[in-house]
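For reference, structure-v8.cif (mmCIF, C-alpha atoms):
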```
data_input
#
loop_
_atom_site.group_PDB
_atom_site.id
_atom_site.type_symbol
_atom_site.label_atom_id
_atom_site.label_comp_id
_atom_site.auth_asym_id
_atom_site.auth_seq_id
_atom_site.Cartn_x
_atom_site.Cartn_y
_atom_site.Cartn_z
ATOM 1 C CA MET A 1 107.643 95.073 107.600
ATOM 2 C CA SER A 2 111.245 94.200 108.387
ATOM 3 C CA MET A 3 112.689 95.717 111.573
ATOM 4 C CA THR A 4 115.984 97.472 112.300
ATOM 5 C CA ARG A 5 116.926 98.238 115.909
ATOM 6 C CA ILE A 6 118.950 101.400 116.567
ATOM 7 C CA GLY A 7 119.616 101.575 120.300
ATOM 8 C CA ASP A 8 116.198 101.320 121.951
ATOM 9 C CA GLU A 9 114.380 102.349 118.798
ATOM 10 C CA VAL A 10 112.866 99.998 116.224
ATOM 11 C CA LEU A 11 112.567 101.201 112.630
ATOM 12 C CA GLU A 12 110.272 99.539 110.090
ATOM 13 C CA THR A 13 111.260 98.759 106.513
ATOM 14 C CA PHE A 14 108.523 98.444 103.894
ATOM 15 C CA TYR A 15 109.128 95.814 101.211
ATOM 16 C CA LYS A 16 107.509 94.043 98.279
ATOM 17 C CA VAL A 17 108.352 90.529 97.093
ATOM 18 C CA PHE A 18 107.885 89.383 93.499
ATOM 19 C CA GLY A 19 108.076 85.652 92.906
ATOM 20 C CA ASP A 20 108.685 82.898 95.443
ATOM 21 C CA ILE A 21 112.033 83.182 97.195
ATOM 22 C CA CYS A 22 111.612 79.675 98.645
ATOM 23 C CA ALA A 23 110.547 77.709 95.559
ATOM 24 C CA THR A 24 113.233 78.459 93.011
ATOM 25 C CA HIS A 25 116.755 77.424 92.154
ATOM 26 C CA THR A 26 117.581 81.011 91.225
ATOM 27 C CA SER A 27 119.022 83.292 93.886
ATOM 28 C CA PRO A 28 116.666 86.086 94.946
ATOM 29 C CA VAL A 29 117.836 89.573 94.080
ATOM 30 C CA VAL A 30 117.438 92.537 96.425
ATOM 31 C CA ALA A 31 117.259 95.922 94.670
ATOM 32 C CA LEU A 32 118.532 99.067 96.402
ATOM 33 C CA HIS A 33 116.945 102.315 95.263
ATOM 34 C CA GLY A 34 118.667 105.639 94.775
ATOM 35 C CA GLY A 35 118.315 109.134 96.125
ATOM 36 C CA PRO A 36 119.120 108.969 98.895
ATOM 37 C CA GLY A 37 115.518 109.566 99.855
ATOM 38 C CA MET A 38 113.567 108.053 96.975
ATOM 39 C CA ALA A 39 111.607 104.775 97.143
ATOM 40 C CA HIS A 40 111.282 101.379 95.507
ATOM 41 C CA ASN A 41 108.779 102.563 92.867
ATOM 42 C CA ASN A 42 111.523 103.842 90.566
ATOM 43 C CA LEU A 43 112.875 100.269 90.300
ATOM 44 C CA LEU A 44 109.629 98.494 89.387
ATOM 45 C CA PRO A 45 110.859 97.493 85.885
ATOM 46 C CA ILE A 46 113.364 95.219 87.630
ATOM 47 C CA THR A 47 110.426 92.998 88.562
ATOM 48 C CA ASP A 48 110.233 91.975 84.887
ATOM 49 C CA LEU A 49 113.082 89.625 85.863
ATOM 50 C CA THR A 50 110.578 87.520 87.796
ATOM 51 C CA HIS A 51 108.231 86.535 84.993
ATOM 52 C CA LEU A 52 110.812 86.593 82.187
ATOM 53 C CA TYR A 53 113.744 84.879 83.923
ATOM 54 C CA GLY A 54 112.276 83.336 87.064
ATOM 55 C CA VAL A 55 114.308 85.579 89.356
ATOM 56 C CA PRO A 56 112.591 86.448 92.664
ATOM 57 C CA VAL A 57 112.900 90.185 93.349
ATOM 58 C CA ILE A 58 112.726 92.038 96.656
ATOM 59 C CA LEU A 59 112.182 95.789 96.542
ATOM 60 C CA TYR A 60 112.177 97.911 99.678
ATOM 61 C CA ASP A 61 112.020 101.503 100.869
ATOM 62 C CA GLN A 62 115.082 102.446 102.875
ATOM 63 C CA VAL A 63 114.370 103.829 106.355
ATOM 64 C CA GLY A 64 113.381 107.462 106.186
ATOM 65 C CA CYS A 65 111.912 106.922 102.716
ATOM 66 C CA GLY A 66 108.597 105.987 101.109
ATOM 67 C CA ALA A 67 106.413 103.750 103.280
ATOM 68 C CA SER A 68 109.164 102.915 105.776
ATOM 69 C CA THR A 69 109.613 104.708 109.102
ATOM 70 C CA ARG A 70 110.097 108.418 108.430
ATOM 71 C CA LEU A 71 112.841 110.193 110.339
ATOM 72 C CA ARG A 72 112.157 113.897 109.914
ATOM 73 C CA GLU A 73 113.027 114.748 113.512
ATOM 74 C CA LYS A 74 116.382 112.979 113.578
ATOM 75 C CA PRO A 75 119.613 114.994 113.749
ATOM 76 C CA ILE A 76 121.923 114.900 110.772
ATOM 77 C CA GLU A 77 124.392 112.706 112.694
ATOM 78 C CA PHE A 78 121.817 109.890 112.843
ATOM 79 C CA PHE A 79 122.142 109.260 109.112
ATOM 80 C CA THR A 80 125.232 107.205 108.394
ATOM 81 C CA ASN A 81 126.223 104.577 105.858
ATOM 82 C CA ASP A 82 126.086 102.015 108.671
ATOM 83 C CA LEU A 83 122.407 102.803 109.278
ATOM 84 C CA PHE A 84 121.514 101.655 105.764
ATOM 85 C CA VAL A 85 124.057 98.823 105.765
ATOM 86 C CA ASP A 86 122.515 97.460 108.974
ATOM 87 C CA GLU A 87 119.030 97.759 107.484
ATOM 88 C CA LEU A 88 120.070 95.721 104.451
ATOM 89 C CA GLN A 89 121.717 93.077 106.631
ATOM 90 C CA ASN A 90 118.549 92.820 108.742
ATOM 91 C CA LEU A 91 116.412 92.506 105.599
ATOM 92 C CA LEU A 92 118.506 89.588 104.330
ATOM 93 C CA ALA A 93 118.224 87.885 107.717
ATOM 94 C CA TYR A 94 114.461 88.538 107.868
ATOM 95 C CA PHE A 95 113.926 86.668 104.601
ATOM 96 C CA GLY A 96 116.452 83.968 105.477
ATOM 97 C CA ILE A 97 118.482 84.579 102.322
ATOM 98 C CA ALA A 98 121.757 85.838 103.787
ATOM 99 C CA GLU A 99 123.548 82.683 102.609
ATOM 100 C CA CYS A 100 122.544 83.055 98.930
ATOM 101 C CA PHE A 101 121.432 86.301 97.315
ATOM 102 C CA ASP A 102 122.189 88.816 94.560
ATOM 103 C CA LEU A 103 122.160 92.608 94.795
ATOM 104 C CA ILE A 104 121.217 95.319 92.337
ATOM 105 C CA GLY A 105 122.141 98.825 93.448
ATOM 106 C CA HIS A 106 120.978 101.846 91.442
ATOM 107 C CA SER A 107 122.695 105.250 91.803
ATOM 108 C CA TRP A 108 123.061 105.845 95.568
ATOM 109 C CA GLY A 109 121.905 102.240 95.921
ATOM 110 C CA ALA A 110 125.064 101.134 94.093
ATOM 111 C CA ALA A 111 127.161 103.060 96.611
ATOM 112 C CA LEU A 112 125.199 101.412 99.422
ATOM 113 C CA ALA A 113 125.745 97.956 97.919
ATOM 114 C CA ALA A 114 129.481 98.608 97.734
ATOM 115 C CA GLU A 115 129.543 99.894 101.319
ATOM 116 C CA PHE A 116 127.642 96.806 102.466
ATOM 117 C CA ILE A 117 130.088 94.394 100.856
ATOM 118 C CA ILE A 118 133.160 96.271 102.025
ATOM 119 C CA ARG A 119 131.937 96.744 105.601
ATOM 120 C CA ARG A 120 130.212 93.383 106.171
ATOM 121 C CA GLN A 121 132.034 90.994 103.794
ATOM 122 C CA PRO A 122 128.886 88.863 103.312
ATOM 123 C CA ASN A 123 129.580 85.219 102.513
ATOM 124 C CA GLY A 124 126.267 84.693 100.749
ATOM 125 C CA ILE A 125 126.462 87.259 97.988
ATOM 126 C CA ARG A 126 126.463 85.524 94.621
ATOM 127 C CA ARG A 127 126.387 88.349 92.097
ATOM 128 C CA LEU A 128 126.347 92.140 92.150
ATOM 129 C CA VAL A 129 124.893 94.659 89.698
ATOM 130 C CA LEU A 130 126.230 98.191 90.125
ATOM 131 C CA GLN A 131 123.914 100.339 88.029
ATOM 132 C CA ASN A 132 124.485 104.031 87.311
ATOM 133 C CA GLY A 133 126.586 104.249 90.463
ATOM 134 C CA LEU A 134 129.595 106.133 91.723
ATOM 135 C CA ALA A 135 132.910 105.237 93.287
ATOM 136 C CA SER A 136 133.647 108.823 94.337
ATOM 137 C CA ALA A 137 131.512 111.896 94.987
ATOM 138 C CA GLN A 138 134.188 114.162 93.555
ATOM 139 C CA LEU A 139 134.395 112.149 90.331
ATOM 140 C CA ARG A 140 130.601 112.479 90.039
ATOM 141 C CA ASN A 141 130.734 116.215 90.697
ATOM 142 C CA ASN A 142 133.434 116.661 88.043
ATOM 143 C CA ALA A 143 131.317 114.745 85.524
ATOM 144 C CA ILE A 144 128.251 116.858 86.301
ATOM 145 C CA ALA A 145 130.264 120.064 85.871
ATOM 146 C CA ARG A 146 131.543 118.838 82.498
ATOM 147 C CA LEU A 147 128.038 117.931 81.301
ATOM 148 C CA ARG A 148 126.609 121.240 82.471
ATOM 149 C CA SER A 149 129.286 123.099 80.518
ATOM 150 C CA HIS A 150 127.751 121.699 77.325
ATOM 151 C CA LEU A 151 124.243 122.955 78.082
ATOM 152 C CA PRO A 152 122.910 126.032 76.229
ATOM 153 C CA ASP A 153 124.330 129.263 77.628
ATOM 154 C CA ASP A 154 121.003 130.498 78.994
ATOM 155 C CA VAL A 155 120.445 127.221 80.863
ATOM 156 C CA GLN A 156 123.951 127.358 82.318
ATOM 157 C CA ASP A 157 123.409 130.978 83.377
ATOM 158 C CA ASN A 158 120.102 130.171 85.092
ATOM 159 C CA LEU A 159 121.642 127.289 87.005
ATOM 160 C CA ARG A 160 124.747 129.213 88.006
ATOM 161 C CA TYR A 161 123.087 132.471 89.052
ATOM 162 C CA SER A 162 120.229 130.777 90.895
ATOM 163 C CA GLU A 163 122.597 128.540 92.862
ATOM 164 C CA ALA A 164 124.919 131.443 93.677
ATOM 165 C CA GLY A 165 121.993 133.541 94.882
ATOM 166 C CA GLY A 166 120.203 130.758 96.746
ATOM 167 C CA ASN A 167 117.192 131.021 94.432
ATOM 168 C CA THR A 168 116.769 127.328 93.743
ATOM 169 C CA ASN A 169 113.000 127.517 94.218
ATOM 170 C CA SER A 170 112.567 129.962 91.355
ATOM 171 C CA LYS A 171 110.676 129.045 88.204
ATOM 172 C CA GLU A 172 113.757 129.767 86.107
ATOM 173 C CA TYR A 173 115.928 127.422 88.123
ATOM 174 C CA LYS A 174 113.369 124.628 88.026
ATOM 175 C CA GLU A 175 113.067 124.956 84.255
ATOM 176 C CA ALA A 176 116.845 124.909 83.809
ATOM 177 C CA SER A 177 117.168 121.911 86.112
ATOM 178 C CA MET A 178 114.482 120.045 84.190
ATOM 179 C CA PHE A 179 116.364 120.706 80.941
ATOM 180 C CA TYR A 180 119.428 119.071 82.481
ATOM 181 C CA TYR A 181 117.433 116.157 83.957
ATOM 182 C CA ARG A 182 115.828 115.394 80.601
ATOM 183 C CA ARG A 183 119.268 115.069 79.064
ATOM 184 C CA HIS A 184 121.187 113.309 81.797
ATOM 185 C CA ALA A 185 118.753 111.792 84.319
ATOM 186 C CA CYS A 186 115.807 110.389 82.353
ATOM 187 C CA ARG A 187 115.329 110.650 78.600
ATOM 188 C CA VAL A 188 111.762 109.310 78.652
ATOM 189 C CA HIS A 189 109.417 112.302 78.242
ATOM 190 C CA PRO A 190 107.216 112.783 80.089
ATOM 191 C CA PHE A 191 108.872 111.018 82.987
ATOM 192 C CA PRO A 192 107.269 107.684 83.910
ATOM 193 C CA LYS A 193 104.861 108.257 86.785
ATOM 194 C CA GLU A 194 107.008 106.096 89.063
ATOM 195 C CA VAL A 195 110.068 108.271 88.379
ATOM 196 C CA ALA A 196 108.056 111.456 88.920
ATOM 197 C CA TYR A 197 106.697 110.010 92.168
ATOM 198 C CA ALA A 198 110.193 109.186 93.451
ATOM 199 C CA LEU A 199 111.403 112.709 92.670
ATOM 200 C CA GLN A 200 108.337 114.167 94.378
ATOM 201 C CA LEU A 201 109.066 112.152 97.531
ATOM 202 C CA VAL A 202 112.484 113.773 97.838
ATOM 203 C CA LYS A 203 111.009 117.206 97.208
ATOM 204 C CA GLU A 204 108.374 116.731 99.910
ATOM 205 C CA ASP A 205 110.743 115.221 102.459
ATOM 206 C CA PRO A 206 114.439 115.931 101.758
ATOM 207 C CA THR A 207 115.521 114.769 105.237
ATOM 208 C CA VAL A 208 117.528 111.744 104.127
ATOM 209 C CA LEU A 209 118.996 113.402 101.043
ATOM 210 C CA ASN A 210 120.209 116.467 102.927
ATOM 211 C CA ALA A 211 121.580 114.436 105.821
ATOM 212 C CA MET A 212 123.458 111.961 103.622
ATOM 213 C CA ARG A 213 124.879 114.759 101.503
ATOM 214 C CA ASN A 214 125.986 117.022 104.309
ATOM 215 C CA GLY A 215 126.324 114.696 107.312
ATOM 216 C CA PRO A 216 128.819 111.966 108.217
ATOM 217 C CA ALA A 217 128.337 110.109 104.915
ATOM 218 C CA GLN A 218 129.661 113.147 102.959
ATOM 219 C CA LEU A 219 127.904 112.219 99.726
ATOM 220 C CA GLU A 220 127.985 115.838 98.582
ATOM 221 C CA SER A 221 131.723 115.852 97.914
ATOM 222 C CA GLY A 222 133.795 113.858 100.406
ATOM 223 C CA TRP A 223 132.584 110.265 99.963
ATOM 224 C CA ASP A 224 135.143 108.105 98.153
ATOM 225 C CA ILE A 225 135.355 104.332 98.140
ATOM 226 C CA THR A 226 138.073 103.898 95.516
ATOM 227 C CA SER A 227 140.765 102.874 97.999
ATOM 228 C CA HIS A 228 138.536 100.090 99.381
ATOM 229 C CA ILE A 229 137.341 98.464 96.166
ATOM 230 C CA HIS A 230 139.915 95.704 96.632
ATOM 231 C CA LEU A 231 137.736 94.473 99.504
ATOM 232 C CA MET A 232 134.956 93.645 97.029
ATOM 233 C CA LYS A 233 137.123 92.458 94.134
ATOM 234 C CA HIS A 234 136.051 88.833 94.690
ATOM 235 C CA VAL A 235 132.353 89.486 93.930
ATOM 236 C CA PRO A 236 131.289 88.857 90.290
ATOM 237 C CA THR A 237 129.908 92.179 89.108
ATOM 238 C CA LEU A 238 127.892 93.638 86.245
ATOM 239 C CA LEU A 239 128.610 97.342 85.828
ATOM 240 C CA ILE A 240 125.999 99.478 84.035
ATOM 241 C CA ASN A 241 125.773 103.105 82.979
ATOM 242 C CA GLY A 242 124.246 105.124 80.140
ATOM 243 C CA GLU A 243 125.698 107.054 77.222
ATOM 244 C CA TYR A 244 124.192 110.299 78.569
ATOM 245 C CA ASP A 245 124.505 109.420 82.250
ATOM 246 C CA PHE A 246 125.855 111.914 84.767
ATOM 247 C CA MET A 247 127.431 108.841 86.325
ATOM 248 C CA ALA A 248 129.803 108.977 83.376
ATOM 249 C CA ASP A 249 132.477 106.427 82.525
ATOM 250 C CA GLU A 250 135.110 108.000 84.754
ATOM 251 C CA VAL A 251 132.704 107.919 87.719
ATOM 252 C CA CYS A 252 132.158 104.167 87.695
ATOM 253 C CA ALA A 253 135.445 103.058 86.070
ATOM 254 C CA PRO A 254 137.232 102.439 89.414
ATOM 255 C CA PHE A 255 134.912 99.457 89.920
ATOM 256 C CA PHE A 256 135.865 98.076 86.517
ATOM 257 C CA TRP A 257 139.576 98.302 87.236
ATOM 258 C CA GLY A 258 139.310 97.087 90.817
ATOM 259 C CA ILE A 259 137.033 94.030 90.574
ATOM 260 C CA ASP A 260 138.360 90.708 89.271
ATOM 261 C CA LYS A 261 135.280 89.334 87.473
ATOM 262 C CA VAL A 262 133.483 92.325 86.024
ATOM 263 C CA LYS A 263 131.439 92.991 82.894
ATOM 264 C CA TRP A 264 130.614 96.562 81.823
ATOM 265 C CA VAL A 265 127.526 97.298 79.706
ATOM 266 C CA LYS A 266 126.825 100.831 78.515
ATOM 267 C CA PHE A 267 123.314 101.599 77.252
ATOM 268 C CA ALA A 268 123.556 103.719 74.096
ATOM 269 C CA LYS A 269 120.118 105.361 74.349
ATOM 270 C CA SER A 270 120.033 105.895 78.101
ATOM 271 C CA SER A 271 121.081 108.354 80.744
ATOM 272 C CA HIS A 272 120.572 107.483 84.424
ATOM 273 C CA VAL A 273 117.616 105.085 84.284
ATOM 274 C CA PRO A 274 118.151 102.451 81.563
ATOM 275 C CA HIS A 275 115.576 100.238 83.283
ATOM 276 C CA TRP A 276 113.029 102.784 82.008
ATOM 277 C CA GLU A 277 114.812 104.181 78.944
ATOM 278 C CA GLU A 278 115.724 100.806 77.417
ATOM 279 C CA ARG A 279 113.600 98.522 79.561
ATOM 280 C CA GLU A 280 113.516 95.460 77.299
ATOM 281 C CA ARG A 281 117.264 95.393 76.677
ATOM 282 C CA TYR A 282 118.011 96.184 80.317
ATOM 283 C CA VAL A 283 115.976 93.233 81.563
ATOM 284 C CA GLU A 284 117.595 90.971 78.977
ATOM 285 C CA VAL A 285 121.139 92.014 79.952
ATOM 286 C CA VAL A 286 120.533 91.736 83.695
ATOM 287 C CA GLY A 287 118.373 88.608 83.435
ATOM 288 C CA LYS A 288 120.964 86.691 81.414
ATOM 289 C CA TYR A 289 123.701 87.814 83.772
ATOM 290 C CA LEU A 290 121.893 86.747 86.930
ATOM 291 C CA THR A 291 120.884 83.355 85.547
ATOM 292 C CA SER A 292 124.139 82.414 83.831
ATOM 293 C CA ALA A 293 126.627 79.984 85.348
ATOM 294 C CA ILE A 294 129.393 81.350 87.560
ATOM 295 C CA HIS A 295 132.781 80.176 86.375
ATOM 296 C CA ALA A 296 135.674 79.844 88.783
#
```
What does the file become when written as structure tokens?
Amino acid sequence: MSMTRIGDEVLETFYKVFGDICATHTSPVVALHGGPGMAHNNLLPITDLTHLYGVPVILYDQVGCGASTRLREKPIEFFTNDLFVDELQNLLAYFGIAECFDLIGHSWGAALAAEFIIRRQPNGIRRLVLQNGLASAQLRNNAIARLRSHLPDDVQDNLRYSEAGGNTNSKEYKEASMFYYRRHACRVHPFPKEVAYALQLVKEDPTVLNAMRNGPAQLESGWDITSHIHLMKHVPTLLINGEYDFMADEVCAPFFWGIDKVKWVKFAKSSHVPHWEERERYVEVVGKYLTSAIHA
């Protein structure tokens, strides 16, 4: 376990390491899971990079999630972007890789990676992969509203009426939500067990998700990093989203326009989890990117 100290309290971070971070000429990559509130399991296909491309991979459960310290009793104000930025910085120091590392951030993890770079300006970051991420909560919300408007009328009605009436635990709402998820969140049916497990974690303990949405981080609607992207423009970046992704082109485009050395790959058969939906191609794209030479 890695440790993060918040005041007098020590929080534990669960991690898994794939490959040898000390015996390779390839920078280790740290993968940041989404949610907020999920766990590392959803990102397990990324570990294919280790045996196919020799890239050491570190997966971890963010505090409050998975096998890390749970924080159910904490007030909403406890959960800030800095909490997770500090945890990541401590993890890099724990492994002694702060001077040379890569990051992959998926969904909320992409937002966290961007926050980390902007707030901490790490000297050791070599490459960044922003996968199915957002630059603005409002841009994401607009994209979701547009995608929902193309759902069958009965599905739209179930979603709208259930949300308006606070009946989001109803069978009808769950069925309508699953219809949407199968189109725009994961197009592998049934969901891989690791994806189902990550979703179940959030359902069982929504503490982190609710706090990050409605607390100081304002991920529900107020979070917006577009005016700060210039502070990460120097980091070589691979930008990824899917053809059916609710993190649609307009949601991640500010990164493309704001970063100097950026490559954008869109997965034609994927929605929000191309590492599951097009696993072989995903690993090839990311593996070649992480192991290619960096040109000045």
Distance query segment 109-119 of chain A at most 8 Å, all atoms listed in the file, self and fewer than 3 positions along chain excluded, as a JSON list (two decimals) with C-alpha atoms, keeping the file's coordinate frame:
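This is the output file out_32.json:
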```json
[["chain", "number", "residue", "atom", "x", "y", "z"],
["A", 31, "ALA", "CA", 117.26, 95.92, 94.67],
["A", 32, "LEU", "CA", 118.53, 99.07, 96.40],
["A", 33, "HIS", "CA", 116.94, 102.32, 95.26],
["A", 34, "GLY", "CA", 118.67, 105.64, 94.78],
["A", 35, "GLY", "CA", 118.32, 109.13, 96.12],
["A", 36, "PRO", "CA", 119.12, 108.97, 98.90],
["A", 81, "ASN", "CA", 126.22, 104.58, 105.86],
["A", 84, "PHE", "CA", 121.51, 101.66, 105.76],
["A", 85, "VAL", "CA", 124.06, 98.82, 105.76],
["A", 88, "LEU", "CA", 120.07, 95.72, 104.45],
["A", 103, "LEU", "CA", 122.16, 92.61, 94.80],
["A", 104, "ILE", "CA", 121.22, 95.32, 92.34],
["A", 105, "GLY", "CA", 122.14, 98.82, 93.45],
["A", 106, "HIS", "CA", 120.98, 101.85, 91.44],
["A", 122, "PRO", "CA", 128.89, 88.86, 103.31],
["A", 129, "VAL", "CA", 124.89, 94.66, 89.70],
["A", 130, "LEU", "CA", 126.23, 98.19, 90.12],
["A", 131, "GLN", "CA", 123.91, 100.34, 88.03],
["A", 132, "ASN", "CA", 124.48, 104.03, 87.31],
["A", 133, "GLY", "CA", 126.59, 104.25, 90.46],
["A", 134, "LEU", "CA", 129.60, 106.13, 91.72],
["A", 135, "ALA", "CA", 132.91, 105.24, 93.29],
["A", 225, "ILE", "CA", 135.35, 104.33, 98.14],
["A", 228, "HIS", "CA", 138.54, 100.09, 99.38],
["A", 229, "ILE", "CA", 137.34, 98.46, 96.17],
["A", 231, "LEU", "CA", 137.74, 94.47, 99.50],
["A", 232, "MET", "CA", 134.96, 93.64, 97.03]]
```
Who sits within 9 Å of Asp224 of chain A, all atoms listed in the file, same chain under 6 positions skipped, as number ranges by chain: A: 134-139, 218
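Using only C-alpha atoms, the smallest distance between any of A:Val57, A:Ala198, A:Ala217, A:Cys186 and Gly242 of chain A comes from A:Cys186.
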Fewer than 2 positions away in the same chain doesn't count, so skip those; otherwise give me all residues within 8 Å of Ala98 of chain A, counting only C-alpha atoms, as a list in words. Gln89, Leu92, Ala93, Phe95, Gly96, Cys100, Phe101, Pro122, Asn123, Gly124 and Ile125 of chain A
Output C-alpha atoms for every residue in the selection just made, as a PDB file, in the frame of the given file.
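What follows is the written file again25.pdb:
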```
ATOM      1  CA  GLN A  89     121.717  93.077 106.631  1.00  0.00           C
ATOM      2  CA  LEU A  92     118.506  89.588 104.330  1.00  0.00           C
ATOM      3  CA  ALA A  93     118.224  87.885 107.717  1.00  0.00           C
ATOM      4  CA  PHE A  95     113.926  86.668 104.601  1.00  0.00           C
ATOM      5  CA  GLY A  96     116.452  83.968 105.477  1.00  0.00           C
ATOM      6  CA  CYS A 100     122.544  83.055  98.930  1.00  0.00           C
ATOM      7  CA  PHE A 101     121.432  86.301  97.315  1.00  0.00           C
ATOM      8  CA  PRO A 122     128.886  88.863 103.312  1.00  0.00           C
ATOM      9  CA  ASN A 123     129.580  85.219 102.513  1.00  0.00           C
ATOM     10  CA  GLY A 124     126.267  84.693 100.749  1.00  0.00           C
ATOM     11  CA  ILE A 125     126.462  87.259  97.988  1.00  0.00           C
TER      12      ILE A 125
END
```
Quick check, in Å to one decimal: how far apart do atom CA of Phe191 of chain A and atom CA of Asp205 of chain A lie? 20.0 Å
Long-range neighbours of Ala143 of chain A as a list of chain:residue names, 12 Å cut-off, only C-alpha atoms, 2 positions minimum in chain: A:Leu134, A:Ser136, A:Ala137, A:Gln138, A:Leu139, A:Arg140, A:Asn141, A:Ala145, A:Arg146, A:Leu147, A:Arg148, A:Ser149, A:His150, A:His184, A:Tyr244, A:Asp245, A:Phe246, A:Met247, A:Ala248, A:Asp249, A:Glu250, A:Val251, A:Cys252
For Met212 of chain A, work out the shell of residues within 8 Å, counting only C-alpha atoms and skipping chain neighbours fewer than 6 positions away, then give it as a PyMOL selection string. chain A and resi 36+76+79-80+218-220
On this structure, the PyMOL selection byres ((chain A and resi 178-181) around 10) would catch which residues? List them as an mmCIF file with C-alpha atoms, keeping the file's coordinate frame, sorted by chain and number.
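Output file out_29.cif follows:
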```cif
data_model
loop_
_atom_site.group_PDB
_atom_site.id
_atom_site.type_symbol
_atom_site.label_atom_id
_atom_site.label_comp_id
_atom_site.auth_asym_id
_atom_site.auth_seq_id
_atom_site.Cartn_x
_atom_site.Cartn_y
_atom_site.Cartn_z
ATOM 1 C CA ILE A 144 128.251 116.858 86.301
ATOM 2 C CA LEU A 147 128.038 117.931 81.301
ATOM 3 C CA ARG A 148 126.609 121.240 82.471
ATOM 4 C CA LEU A 151 124.243 122.955 78.082
ATOM 5 C CA PRO A 152 122.910 126.032 76.229
ATOM 6 C CA VAL A 155 120.445 127.221 80.863
ATOM 7 C CA GLN A 156 123.951 127.358 82.318
ATOM 8 C CA LEU A 159 121.642 127.289 87.005
ATOM 9 C CA GLU A 172 113.757 129.767 86.107
ATOM 10 C CA TYR A 173 115.928 127.422 88.123
ATOM 11 C CA LYS A 174 113.369 124.628 88.026
ATOM 12 C CA GLU A 175 113.067 124.956 84.255
ATOM 13 C CA ALA A 176 116.845 124.909 83.809
ATOM 14 C CA SER A 177 117.168 121.911 86.112
ATOM 15 C CA ARG A 182 115.828 115.394 80.601
ATOM 16 C CA ARG A 183 119.268 115.069 79.064
ATOM 17 C CA HIS A 184 121.187 113.309 81.797
ATOM 18 C CA ALA A 185 118.753 111.792 84.319
ATOM 19 C CA CYS A 186 115.807 110.389 82.353
ATOM 20 C CA ARG A 187 115.329 110.650 78.600
ATOM 21 C CA ASP A 245 124.505 109.420 82.250
ATOM 22 C CA PHE A 246 125.855 111.914 84.767
ATOM 23 C CA SER A 271 121.081 108.354 80.744
ATOM 24 C CA HIS A 272 120.572 107.483 84.424
#
```
How far is it from atom CA of Tyr53 of chain A to atom CA of Glu284 of chain A, in Å with one decimal?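 Atom CA of Tyr53 of chain A sits 8.7 Å away from atom CA of Glu284 of chain A.
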Separation of atom CA of Thr50 of chain A from atom CA of Asp260 of chain A in Å: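 Answer for the atom CA of Asp260 of chain A to atom CA of Thr50 of chain A separation: 28.0 Å.
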Determine the nearest neighbour of Gly19 of chain A from the options A:His40, A:Lys269, A:His51, A:His230, counting all atoms listed in the file. A:His51
As a check of understanding, name the residues that the PyMOL selection byres ((chain A and resi 43) around 8) selects in the supplied structure, as a PDB file with C-alpha atoms, in the coordinates of the input.
```pdb
ATOM      1  CA  ALA A  31     117.259  95.922  94.670  1.00  0.00           C
ATOM      2  CA  HIS A  33     116.945 102.315  95.263  1.00  0.00           C
ATOM      3  CA  HIS A  40     111.282 101.379  95.507  1.00  0.00           C
ATOM      4  CA  ASN A  41     108.779 102.563  92.867  1.00  0.00           C
ATOM      5  CA  ASN A  42     111.523 103.842  90.566  1.00  0.00           C
ATOM      6  CA  LEU A  44     109.629  98.494  89.387  1.00  0.00           C
ATOM      7  CA  PRO A  45     110.859  97.493  85.885  1.00  0.00           C
ATOM      8  CA  ILE A  46     113.364  95.219  87.630  1.00  0.00           C
ATOM      9  CA  THR A  47     110.426  92.998  88.562  1.00  0.00           C
ATOM     10  CA  LEU A  59     112.182  95.789  96.542  1.00  0.00           C
ATOM     11  CA  HIS A 275     115.576 100.238  83.283  1.00  0.00           C
TER      12      HIS A 275
END
```
Ranking A:Met38, A:Ala164, A:Val30, A:Val235 by minimum distance to Gln200 of chain A and counting all atoms listed in the file, which one comes first?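 Of the candidates, the smallest distance to Gln200 of chain A is held by A:Met38.
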Given all atoms listed in the file as the basis, pick out the residue of A:Lys266, A:Arg72, A:Lys16, A:Lys171 nearest to Arg281 of chain A.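 Using all atoms listed in the file, the shortest distance to Arg281 of chain A belongs to A:Lys266.
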Can you work out which one of A:Glu280, A:Pro28, A:Val55, A:Gly66 has the shortest atom-to-atom distance to Glu99 of chain A, counting all atoms listed in the file?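 The answer is A:Pro28, which sits nearest to Glu99 of chain A.
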